[in-house]
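Here is the structure we will look at, set down as structure tokens.
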Amino acid sequence: TVWFVTSIRGCFSPVVAAMYLHVLVDEYLHSAIPYIGLSTGLLLPGKHHRAYVDNMNKQIAGTELEGKSLEEIVLSSWNSGKPTPVFNNAAQVWNHTFFWESMKANGGGAPTGKLADAINASFGSFDEFKNQFKTAGGS
């Protein structure tokens with residue numbers, strides 16, 4: 001059973017998961033509330049993210065995927081480009097976990113290294129990338 005993925009990959013006990021949820025809310029959610037709002041902030045981890053976890057757990061119960069790490073479940077359920085029904089839920093668990101773990105107070109800023117080089121080569125600058133990204137997202 002996977003319950004809210006911890007940052008210690010492969011460790012999915014309910015006790016650790018409950019502690020992780022507490023850390024998630026304290027560490028990440030407080031930083032996000034000014035940007036996503038309180039109702040969204042409370043809905044995402046408590047209902048939305050958890051629904052993906054619960055659905056995935058039901059799908060993998062009693063299968064060879066039970067007890068695997070989340071990454072193993074995602075990769076296996078991708079099935080070489082022919083996703084199994086587990087893939088949507090597993091990928092959404094990973095996606096939402098990544099989302100929460102990516103938030104931090106005063107985070108963000110321009111990327112560096114190879115990512116910055118690729119953005120600059122394609123868009124001319126990080127600011128232009130942000131402008132085009134926002135425009136595309138609004139269409």
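Residues in the structure tokens are numbered from 1 in each chain, the chains being A, B, ... in the order shown, and ligands are numbered from 1 in the order shown.
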Q: For segment 114-121 of chain A, work out the shell of residues within 12 Å, counting only C-alpha atoms and skipping chain neighbours fewer than 6 positions away, then give it as a list in words.
A: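 Returned residues: Asp127, Glu128, Phe129, Lys130, Gln132 and Phe133 of chain A.
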Q | Residue list (alpha helix (DSSP H), DSSP) for segment 93-134 of chain A, as an NGL selection string | A | :A and (93-101 or 113-123 or 126-134)
Q: Just the residues within 10 Å of segment 93-95 of chain A, please, counting only C-alpha atoms, with nothing from its chain fewer than 2 positions along; format it as a PyMOL selection string.
A: chain A and resi 2-5+48-56+70-71+73-74+87-91+97-101
Could those selected residues go to a file with N, CA, C and O atoms, as an mmCIF file, in the first residue's frame?
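Writing done, so here's part-v4.cif:
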```
data_model
loop_
_atom_site.group_PDB
_atom_site.id
_atom_site.type_symbol
_atom_site.label_atom_id
_atom_site.label_comp_id
_atom_site.auth_asym_id
_atom_site.auth_seq_id
_atom_site.Cartn_x
_atom_site.Cartn_y
_atom_site.Cartn_z
ATOM 1 N N VAL A 2 0.575 2.161 -0.891
ATOM 2 C CA VAL A 2 1.282 3.438 -0.937
ATOM 3 C C VAL A 2 0.341 4.486 -0.376
ATOM 4 O O VAL A 2 -0.815 4.548 -0.748
ATOM 5 N N TRP A 3 0.820 5.278 0.547
ATOM 6 C CA TRP A 3 0.011 6.357 1.121
ATOM 7 C C TRP A 3 0.868 7.584 1.123
ATOM 8 O O TRP A 3 1.916 7.582 1.738
ATOM 9 N N PHE A 4 0.535 8.610 0.451
ATOM 10 C CA PHE A 4 1.349 9.807 0.324
ATOM 11 C C PHE A 4 2.840 9.486 0.348
ATOM 12 O O PHE A 4 3.409 9.160 1.354
ATOM 13 N N VAL A 5 3.414 9.579 -0.784
ATOM 14 C CA VAL A 5 4.802 9.213 -0.991
ATOM 15 C C VAL A 5 5.710 10.088 -0.145
ATOM 16 O O VAL A 5 5.540 11.287 -0.073
ATOM 17 N N HIS A 48 -7.810 15.473 -3.325
ATOM 18 C CA HIS A 48 -7.414 15.249 -4.708
ATOM 19 C C HIS A 48 -6.225 14.284 -4.796
ATOM 20 O O HIS A 48 -6.305 13.235 -5.429
ATOM 21 N N HIS A 49 -5.107 14.624 -4.163
ATOM 22 C CA HIS A 49 -3.907 13.790 -4.190
ATOM 23 C C HIS A 49 -4.209 12.433 -3.546
ATOM 24 O O HIS A 49 -3.846 11.389 -4.076
ATOM 25 N N ARG A 50 -4.910 12.475 -2.446
ATOM 26 C CA ARG A 50 -5.211 11.225 -1.745
ATOM 27 C C ARG A 50 -6.074 10.298 -2.591
ATOM 28 O O ARG A 50 -5.924 9.075 -2.534
ATOM 29 N N ALA A 51 -6.983 10.839 -3.387
ATOM 30 C CA ALA A 51 -7.825 9.995 -4.244
ATOM 31 C C ALA A 51 -6.975 9.199 -5.229
ATOM 32 O O ALA A 51 -7.229 8.014 -5.464
ATOM 33 N N TYR A 52 -5.960 9.835 -5.811
ATOM 34 C CA TYR A 52 -5.071 9.112 -6.718
ATOM 35 C C TYR A 52 -4.337 7.996 -5.980
ATOM 36 O O TYR A 52 -4.178 6.891 -6.485
ATOM 37 N N VAL A 53 -3.877 8.302 -4.760
ATOM 38 C CA VAL A 53 -3.177 7.297 -3.959
ATOM 39 C C VAL A 53 -4.110 6.130 -3.639
ATOM 40 O O VAL A 53 -3.756 4.961 -3.831
ATOM 41 N N ASP A 54 -5.311 6.438 -3.163
ATOM 42 C CA ASP A 54 -6.259 5.381 -2.802
ATOM 43 C C ASP A 54 -6.637 4.526 -4.012
ATOM 44 O O ASP A 54 -6.691 3.296 -3.926
ATOM 45 N N ASN A 55 -6.888 5.169 -5.152
ATOM 46 C CA ASN A 55 -7.252 4.417 -6.359
ATOM 47 C C ASN A 55 -6.109 3.532 -6.832
ATOM 48 O O ASN A 55 -6.315 2.386 -7.233
ATOM 49 N N MET A 56 -4.893 4.057 -6.789
ATOM 50 C CA MET A 56 -3.743 3.252 -7.189
ATOM 51 C C MET A 56 -3.568 2.066 -6.256
ATOM 52 O O MET A 56 -3.326 0.941 -6.711
ATOM 53 N N LEU A 70 7.136 3.798 -5.903
ATOM 54 C CA LEU A 70 6.268 4.533 -6.814
ATOM 55 C C LEU A 70 6.888 4.620 -8.204
ATOM 56 O O LEU A 70 6.209 4.441 -9.212
ATOM 57 N N GLU A 71 8.190 4.886 -8.254
ATOM 58 C CA GLU A 71 8.853 4.974 -9.554
ATOM 59 C C GLU A 71 8.752 3.659 -10.317
ATOM 60 O O GLU A 71 8.513 3.657 -11.527
ATOM 61 N N ILE A 73 6.384 1.453 -10.022
ATOM 62 C CA ILE A 73 4.982 1.303 -10.441
ATOM 63 C C ILE A 73 4.718 2.148 -11.686
ATOM 64 O O ILE A 73 4.102 1.674 -12.647
ATOM 65 N N VAL A 74 5.182 3.389 -11.685
ATOM 66 C CA VAL A 74 4.974 4.260 -12.848
ATOM 67 C C VAL A 74 5.635 3.660 -14.083
ATOM 68 O O VAL A 74 5.014 3.543 -15.144
ATOM 69 N N PHE A 87 -1.457 3.208 -14.590
ATOM 70 C CA PHE A 87 -0.545 4.307 -14.930
ATOM 71 C C PHE A 87 -1.118 5.675 -14.583
ATOM 72 O O PHE A 87 -0.413 6.509 -14.013
ATOM 73 N N ASN A 88 -2.365 5.952 -14.919
ATOM 74 C CA ASN A 88 -2.920 7.281 -14.658
ATOM 75 C C ASN A 88 -2.821 7.640 -13.178
ATOM 76 O O ASN A 88 -2.352 8.720 -12.822
ATOM 77 N N ASN A 89 -3.244 6.749 -12.327
ATOM 78 C CA ASN A 89 -3.200 7.053 -10.897
ATOM 79 C C ASN A 89 -1.769 7.134 -10.379
ATOM 80 O O ASN A 89 -1.422 8.057 -9.635
ATOM 81 N N ALA A 90 -0.919 6.193 -10.781
ATOM 82 C CA ALA A 90 0.469 6.199 -10.310
ATOM 83 C C ALA A 90 1.193 7.449 -10.789
ATOM 84 O O ALA A 90 1.924 8.092 -10.024
ATOM 85 N N ALA A 91 0.997 7.814 -12.040
ATOM 86 C CA ALA A 91 1.650 9.006 -12.575
ATOM 87 C C ALA A 91 1.141 10.267 -11.881
ATOM 88 O O ALA A 91 1.909 11.207 -11.636
ATOM 89 N N THR A 97 3.135 14.594 -5.910
ATOM 90 C CA THR A 97 4.219 14.566 -4.938
ATOM 91 C C THR A 97 5.338 15.507 -5.376
ATOM 92 O O THR A 97 5.856 16.291 -4.587
ATOM 93 N N PHE A 98 5.682 15.441 -6.665
ATOM 94 C CA PHE A 98 6.700 16.342 -7.212
ATOM 95 C C PHE A 98 6.277 17.795 -7.033
ATOM 96 O O PHE A 98 7.075 18.654 -6.653
ATOM 97 N N PHE A 99 5.007 18.084 -7.310
ATOM 98 C CA PHE A 99 4.465 19.434 -7.149
ATOM 99 C C PHE A 99 4.693 19.931 -5.729
ATOM 100 O O PHE A 99 5.223 21.020 -5.512
ATOM 101 N N TRP A 100 4.286 19.119 -4.734
ATOM 102 C CA TRP A 100 4.423 19.564 -3.341
ATOM 103 C C TRP A 100 5.879 19.708 -2.944
ATOM 104 O O TRP A 100 6.256 20.662 -2.271
ATOM 105 N N GLU A 101 6.693 18.742 -3.354
ATOM 106 C CA GLU A 101 8.092 18.786 -2.953
ATOM 107 C C GLU A 101 8.858 19.901 -3.660
ATOM 108 O O GLU A 101 9.954 20.255 -3.244
#
```
(Q) Can you measure atom CA of Pro85 of chain A to atom CA of Gln59 of chain A for me? One decimal in Å is fine. (A)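 One can read the atom CA of Pro85 of chain A to atom CA of Gln59 of chain A distance as 8.1 Å.
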Q. Hey, can you check how far atom CA of Leu65 of chain A sits from atom CA of Asn79 of chain A?
A.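 The value is 12.7 Å.
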